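Structure file upload-v6.cif; described as mmCIF, C-alpha atoms.
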data_protein
loop_
_atom_site.label_atom_id
_atom_site.label_comp_id
_atom_site.auth_asym_id
_atom_site.auth_seq_id
_atom_site.Cartn_x
_atom_site.Cartn_y
_atom_site.Cartn_z
CA MET A 1442 36.22 80.70 68.78
CA LEU A 1443 38.14 78.35 66.52
CA GLY A 1444 41.19 80.54 66.18
CA GLN A 1445 41.12 80.12 62.39
CA PRO A 1446 42.32 83.04 60.25
CA ARG A 1447 39.54 84.70 58.27
CA ALA A 1448 41.64 84.58 55.07
CA VAL A 1449 41.78 80.79 55.22
CA LYS A 1450 38.06 80.44 55.78
CA ARG A 1451 37.18 82.66 52.83
CA TYR A 1452 39.77 81.21 50.42
CA THR A 1453 38.41 79.86 47.14
CA ALA A 1454 40.58 77.79 44.79
CA ARG A 1455 41.53 79.41 41.49
CA VAL A 1456 40.90 77.43 38.33
CA ARG A 1457 43.78 77.74 35.89
CA ASP A 1458 43.19 78.56 32.26
CA ASP A 1459 44.67 75.26 31.09
CA GLU A 1460 42.71 73.12 33.57
CA GLY A 1461 40.13 72.05 30.98
CA PRO A 1462 42.55 71.10 28.18
CA LEU A 1463 44.89 69.38 30.64
CA THR A 1464 42.05 67.38 32.16
CA GLY A 1465 40.88 66.35 28.70
CA ARG A 1466 44.37 65.20 27.72
CA ILE A 1467 44.83 63.24 30.97
CA VAL A 1468 41.47 61.52 30.51
CA GLU A 1469 42.40 60.73 26.91
CA LEU A 1470 45.74 59.18 27.92
CA ALA A 1471 44.16 57.24 30.77
CA SER A 1472 41.51 55.91 28.39
CA VAL A 1473 44.06 54.72 25.84
CA TYR A 1474 46.62 53.39 28.36
CA GLY A 1475 44.44 51.99 31.09
CA ARG A 1476 47.33 50.34 32.93
CA TYR A 1477 49.29 53.58 33.40
CA GLY A 1478 49.20 55.36 36.76
CA SER A 1479 49.78 59.03 37.52
CA PRO A 1480 53.64 58.92 37.39
CA ARG A 1481 53.65 57.47 33.89
CA ILE A 1482 50.88 59.81 32.72
CA THR A 1483 52.94 62.73 34.06
CA GLY A 1484 55.99 61.45 32.18
CA MET A 1485 54.04 61.30 28.92
CA LEU A 1486 52.80 64.86 29.42
CA ARG A 1487 56.34 66.08 30.01
CA ASN A 1488 57.51 64.28 26.89
CA GLU A 1489 54.82 66.20 24.98
CA GLY A 1490 56.32 69.46 26.20
CA ARG A 1491 53.79 70.29 28.92
CA ASN A 1492 54.92 71.76 32.24
CA ALA A 1493 53.41 68.91 34.21
CA ASN A 1494 53.29 68.58 37.99
CA HIS A 1495 52.74 65.08 39.33
CA LYS A 1496 50.60 66.29 42.26
CA ARG A 1497 48.29 68.20 39.94
CA GLU A 1498 47.93 65.26 37.55
CA LYS A 1499 47.24 62.93 40.47
CA ARG A 1500 44.51 65.29 41.72
CA ILE A 1501 42.89 65.45 38.28
CA LEU A 1502 42.97 61.66 37.94
CA ARG A 1503 41.41 61.28 41.38
CA GLN A 1504 38.69 63.84 40.67
CA ALA A 1505 37.90 62.14 37.36
CA GLY A 1506 37.55 58.80 39.15
CA LEU A 1507 40.34 57.21 37.10
CA ARG A 1508 42.24 54.45 38.83
CA VAL A 1509 44.33 51.57 37.56
CA PRO A 1510 42.06 48.53 38.00
CA ARG A 1511 43.49 45.42 39.55
CA LYS A 1512 41.87 43.33 36.85
CA GLN A 1513 41.01 44.26 33.31
CA PRO A 1514 38.52 42.59 30.98
CA ARG A 1515 39.90 40.71 28.02
CA ARG A 1516 38.68 41.99 24.70
CA GLY A 1517 38.62 40.61 21.20
CA ARG A 1518 39.29 42.62 18.09
CA LEU A 1519 37.58 42.62 14.72
CA TRP A 1520 40.12 43.13 11.94
CA LEU A 1521 39.47 44.40 8.45
CA ASN A 1522 41.23 43.10 5.37
CA ASP A 1523 43.78 45.96 5.42
CA GLY A 1524 45.11 44.51 7.72
CA SER A 1525 71.98 37.65 36.56
CA CYS A 1526 71.85 40.93 36.55
CA VAL A 1527 72.91 40.37 40.18
CA ARG A 1528 76.37 39.09 39.23
CA LEU A 1529 77.07 41.18 36.14
CA ARG A 1530 75.32 44.49 35.59
CA PRO A 1531 75.28 46.23 32.20
CA GLU A 1532 77.70 49.11 31.77
CA ARG A 1533 76.91 50.40 28.28
CA LYS A 1534 74.78 49.81 25.23
CA ASP A 1535 75.11 46.30 23.77
CA HIS A 1536 77.10 45.17 26.79
CA VAL A 1537 74.52 42.62 27.96
CA TRP A 1538 71.49 41.33 26.09
CA ALA A 1539 68.90 39.15 27.77
CA TYR A 1540 66.25 36.91 26.29
CA ASP A 1541 63.46 34.72 27.56
CA ILE A 1542 60.42 32.75 26.46
CA VAL A 1543 56.93 34.01 27.39
CA LEU A 1544 53.90 31.74 27.15
CA ALA A 1545 50.45 32.83 25.95
CA ARG A 1546 47.43 31.28 24.28
CA THR A 1547 45.08 32.03 21.43
CA HIS A 1548 41.30 32.12 21.77
CA GLU A 1549 40.86 28.39 21.17
CA GLY A 1550 43.39 27.52 23.87
CA LEU A 1551 46.36 26.65 21.64
CA PRO A 1552 49.75 27.75 22.97
CA LEU A 1553 51.80 30.73 21.80
CA ARG A 1554 55.50 31.15 22.54
CA LEU A 1555 57.14 34.58 22.53
CA LEU A 1556 60.90 35.07 22.25
CA VAL A 1557 61.66 38.40 23.98
CA VAL A 1558 65.09 40.07 23.56
CA VAL A 1559 66.11 43.20 25.50
CA ASP A 1560 69.21 45.39 25.83
CA GLU A 1561 69.72 45.61 29.59
CA TRP A 1562 71.49 49.01 29.51
CA THR A 1563 69.07 50.96 27.29
CA ARG A 1564 66.00 48.86 28.30
CA GLU A 1565 65.12 48.71 24.58
CA CYS A 1566 63.11 45.70 23.49
CA LEU A 1567 65.07 44.47 20.49
CA ALA A 1568 62.61 41.86 19.25
CA ILE A 1569 59.57 39.78 20.16
CA ASP A 1570 59.12 36.72 17.95
CA VAL A 1571 55.74 34.96 18.07
CA ALA A 1572 55.12 31.38 16.98
CA ARG A 1573 53.43 28.17 18.05
CA GLN A 1574 56.82 26.57 18.66
CA LEU A 1575 60.25 28.12 19.13
CA GLY A 1576 63.47 26.13 19.14
CA SER A 1577 67.21 26.70 19.04
CA ASP A 1578 67.10 27.35 15.28
CA ASP A 1579 64.64 30.21 15.81
CA VAL A 1580 66.87 31.64 18.55
CA LEU A 1581 69.90 31.52 16.24
CA GLU A 1582 67.96 33.12 13.40
CA ARG A 1583 66.86 36.05 15.57
CA LEU A 1584 70.28 36.54 17.15
CA SER A 1585 72.08 36.46 13.81
CA TRP A 1586 69.73 39.09 12.37
CA LEU A 1587 70.07 41.37 15.41
CA MET A 1588 73.86 41.10 15.47
CA ALA A 1589 74.12 41.76 11.74
CA THR A 1590 71.95 44.88 11.92
CA ARG A 1591 72.77 46.25 15.37
CA GLY A 1592 76.12 44.86 16.50
CA VAL A 1593 77.53 42.03 18.57
CA PRO A 1594 77.03 42.22 22.37
CA ASP A 1595 79.61 41.14 24.92
CA HIS A 1596 77.25 38.90 26.89
CA VAL A 1597 73.88 37.22 26.48
CA ARG A 1598 71.90 36.35 29.61
CA SER A 1599 69.20 33.69 29.77
CA ASP A 1600 67.73 30.91 31.87
CA ASN A 1601 68.52 27.25 31.35
CA GLY A 1602 65.80 26.53 28.80
CA SER A 1603 66.59 24.01 26.10
CA GLU A 1604 66.30 26.73 23.43
CA PHE A 1605 69.22 28.63 25.01
CA THR A 1606 71.44 25.81 26.25
CA ALA A 1607 71.46 23.84 22.99
CA THR A 1608 74.90 22.87 21.75
CA ALA A 1609 74.36 24.66 18.44
CA VAL A 1610 73.51 27.91 20.21
CA ARG A 1611 76.49 27.78 22.58
CA GLU A 1612 78.96 26.89 19.84
CA TRP A 1613 77.65 29.61 17.53
CA LEU A 1614 77.82 32.26 20.26
CA GLY A 1615 81.33 31.13 21.12
CA LYS A 1616 82.49 31.60 17.53
CA VAL A 1617 80.92 35.06 17.43
CA GLY A 1618 82.75 35.99 20.63
CA VAL A 1619 79.69 36.37 22.86
CA LYS A 1620 79.87 35.06 26.42
CA THR A 1621 76.81 33.28 27.76
CA LEU A 1622 75.42 34.05 31.23
CA TYR A 1623 73.06 31.37 32.56
CA ILE A 1624 71.13 32.16 35.71
CA GLU A 1625 70.67 29.71 38.55
CA PRO A 1626 67.69 27.35 38.12
CA GLY A 1627 64.60 28.68 39.88
CA SER A 1628 66.05 32.20 40.22
CA PRO A 1629 64.22 34.40 37.69
CA TRP A 1630 65.24 37.55 39.58
CA GLU A 1631 68.78 37.03 38.27
CA ASN A 1632 67.37 37.80 34.82
CA GLY A 1633 65.49 40.79 36.19
CA TYR A 1634 65.62 43.12 33.18
CA VAL A 1635 63.86 40.79 30.78
CA GLU A 1636 61.53 39.53 33.54
CA SER A 1637 60.48 43.13 34.20
CA LEU A 1638 59.76 43.58 30.49
CA ASN A 1639 57.80 40.31 30.47
CA GLY A 1640 55.66 41.55 33.35
CA LYS A 1641 54.84 44.80 31.56
CA LEU A 1642 54.05 42.89 28.36
CA ARG A 1643 51.67 40.59 30.17
CA ASP A 1644 50.03 43.30 32.28
CA GLU A 1645 49.55 45.86 29.51
CA LEU A 1646 48.83 43.58 26.55
CA LEU A 1647 48.57 39.82 27.02
CA ASN A 1648 46.08 40.01 29.91
CA GLY A 1649 43.86 42.41 27.98
CA GLU A 1650 43.77 40.95 24.48
CA ILE A 1651 42.16 37.91 22.88
CA PHE A 1652 44.27 36.53 20.03
CA TYR A 1653 42.30 34.60 17.45
CA THR A 1654 45.25 33.85 15.14
CA VAL A 1655 49.03 33.87 15.27
CA ALA A 1656 49.12 36.67 12.68
CA GLU A 1657 46.87 38.84 14.85
CA ALA A 1658 49.12 38.21 17.85
CA ARG A 1659 52.21 39.19 15.85
CA VAL A 1660 50.64 42.47 14.73
CA LEU A 1661 49.44 43.50 18.19
CA ILE A 1662 52.63 42.46 19.97
CA GLU A 1663 54.87 44.23 17.45
CA ARG A 1664 52.74 47.36 17.78
CA TRP A 1665 53.13 47.20 21.57
CA ARG A 1666 56.90 46.74 21.19
CA GLU A 1667 57.18 49.88 19.05
CA HIS A 1668 55.09 51.80 21.58
CA TYR A 1669 57.23 50.48 24.44
CA ASN A 1670 60.47 51.58 22.75
CA ARG A 1671 59.39 54.97 21.39
CA VAL A 1672 56.47 56.31 23.44
CA ARG A 1673 56.01 54.54 26.78
CA PRO A 1674 57.80 56.38 29.65
CA HIS A 1675 60.23 54.14 31.54
CA SER A 1676 60.58 54.86 35.26
CA ALA A 1677 64.24 53.70 35.34
CA LEU A 1678 65.09 56.21 32.58
CA GLY A 1679 63.53 59.26 34.22
CA TYR A 1680 60.20 58.55 32.52
CA ARG A 1681 61.73 58.68 29.07
CA PRO A 1682 61.18 55.97 26.44
CA PRO A 1683 64.12 53.62 25.78
CA ALA A 1684 64.48 54.54 22.10
CA PRO A 1685 62.51 57.71 21.30
CA GLU A 1686 62.12 58.64 17.66
CA ALA A 1687 63.35 62.17 18.38
CA ILE A 1688 66.83 60.86 19.20
CA ALA A 1689 68.69 60.05 16.02
CA ALA A 1690 70.56 56.78 16.07
CA GLY A 1691 74.30 57.29 16.29
CA PRO A 1692 76.84 55.52 14.11
CA PRO A 1693 77.03 51.77 14.81
CA SER A 1694 79.98 50.42 16.74
CA ALA A 1695 81.08 48.50 13.67
CA SER A 1696 80.05 48.54 10.06
CA LEU A 1697 77.55 45.99 8.86
CA ARG A 1698 80.21 44.31 6.76
CA ALA A 1699 82.58 43.96 9.70
CA VAL A 1700 79.84 42.53 11.87
CA LYS A 1701 78.82 40.00 9.24
CA GLN A 1702 82.42 38.84 8.97
CA ARG A 1703 82.34 37.99 12.67
CA LEU A 1704 79.15 35.95 12.35
CA PRO A 1705 79.84 32.28 11.54
CA ASN A 1706 77.73 30.40 9.08
CA ARG A 1707 74.88 28.71 10.93
CA THR A 1708 74.84 25.75 8.60
CA THR A 1709 78.37 24.80 9.69
CA THR A 1710 77.56 24.94 13.43
CA ALA A 1711 74.32 22.98 13.48
#

Whole structure, structure tokens version:
Amino acid sequence: MLGQPRAVKRYTARVRDDEGPLTGRIVELASVYGRYGSPRITGMLRNEGRNANHKREKRILRQAGLRVPRKQPRRGRLWLNDGSCVRLRPERKDHVWAYDIVLARTHEGLPLRLLVVVDEWTRECLAIDVARQLGSDDVLERLSWLMATRGVPDHVRSDNGSEFTATAVREWLGKVGVKTLYIEPGSPWENGYVESLNGKLRDELLNGEIFYTVAEARVLIERWREHYNRVRPHSALGYRPPAPEAIAAGPPSASLRAVKQRLPNRTTTA
């Protein structure tokens, strides 16, 4: 009467041998990384060497009732004593760096300022400095350390904050040979790479943690930065992390001694 083939009506789904272990691993990842959806979970499974299929992982997540919540509860931690990218796009590693200031607060309501530095080509988060106050001297200190250990970029992109437009910062960068790229006021999308990183930082960490001290914030944020660089799948990189540990770092573009020779003395530029 229905015109339905008998084979379809009598079909029963086959349960694969690895369905149980795969479901357990997906639930484990979703429990640890509550802000990750099925594409990122699939990317992590592939990075582990599993032959993952995004439709299958999505089905398992749906059957397990796991969804990315729109809001997440903030939680405190008990610690033991142990403790414009529109105008100029990056073309290679260390071509364009971008930095920005992110605001947060500790449990008692006091402000925290985070200096976030990212390589726009590799998407690697180079540093996140945490302090109550951050000025031009702190920016110079972080930039000088990064350039001495990693290399000197061609450009540095930022907004028009006083920490980045200070005379000492501009003169020092000019002596190093780095060109500054300042976005238009009120146009954060022109600094899209670091703004994207800031959004992930806030969504996956800042909105879900209660910081009681500056030291606690530094530990948690640095741990998230290492996870972001070495474990977290990045959609723009084919769901690969920006700087996985399995990839050995190649030789630097210039020796540390040559780079230090290019860096002017900060005391003479202040």

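The two atoms in question, CA of Asp1570 (chain A) and CA of Pro1629 (chain A), are spaced 20.5 Å apart.
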
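Here, the PyMOL selection byres ((chain A and resi 1665-1668) around 9) matches Cys1566, Leu1567, Ala1568, Ile1569, Leu1642, Glu1645, Leu1646, Val1660, Leu1661, Ile1662, Glu1663, Arg1664, Tyr1669, Asn1670, Arg1671, Val1672, Arg1673 and Pro1682 of chain A.
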
Point to revise | Explicit residues for the PyMOL selection byres ((chain A and resi 1559) around 10) (as JSON, numbers by chain) | key: {"A": [1535, 1537, 1538, 1539, 1540, 1541, 1557, 1558, 1560, 1561, 1562, 1563, 1564, 1565, 1566, 1567, 1568, 1569, 1597, 1598, 1634, 1635, 1636, 1638]}

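With CA of Gly1461 (chain A) on one side and CA of Ala1505 (chain A) on the other, the separation reads 12.0 Å.
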
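Using all atoms listed in the file, the shortest contact distance between Arg1573 (chain A) and any of A:Lys1620, A:Val1655, A:Arg1533, A:Gly1627 is found at A:Val1655.
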
Review point. Which residue, A:Arg1546, A:His1675, A:Lys1496, A:Lys1616, has the smallest gap to Arg1643 (chain A) when you use only C-alpha atoms?
Key: A:Arg1546

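With the shown file loaded, the PyMOL selection byres ((chain A and resi 1577) around 7) picks out A:Gly1576, A:Asp1578, A:Asp1579, A:Val1580, A:Leu1581, A:Glu1604, A:Phe1605, A:Ala1607, A:Val1610.
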
**Study point:** Atomic distance CA of Ala1572 (chain A) - CA of Gly1550 (chain A), expressed in Å with one decimal
**Key:** 14.1 Å

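Here the question is which of A:Ser1599, A:Pro1685, A:Glu1657, A:Arg1457 gets nearest to Trp1630 (chain A) using all atoms listed in the file, and that residue is A:Ser1599.
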
Practice item. Would you mind telling me which residue in A:Ile1624, A:Tyr1680, A:Thr1547, A:Thr1606 lies nearest to Leu1486 (chain A) when using all atoms listed in the file? Key: A:Tyr1680

Point to revise | Given all atoms listed in the file as the counted atoms, nearest of A:Gly1592, A:Pro1683, A:Gly1506, A:Pro1552 to Thr1464 (chain A) | key: A:Gly1506

Practice item. Quick one: everything within 9 Å of Ala1471 (chain A), counting only C-alpha atoms, minus sequence neighbours fewer than 3 positions away in the same chain. Send it as a ChimeraX atom specification. Key: /A:1466-1468,1474-1479,1482,1502,1507-1509

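When all atoms listed in the file are used to compute distances to Met1485 (chain A), the closest of the residues A:Gly1640, A:Gly1679, A:Pro1626, A:Gly1618 turns out to be A:Gly1679.
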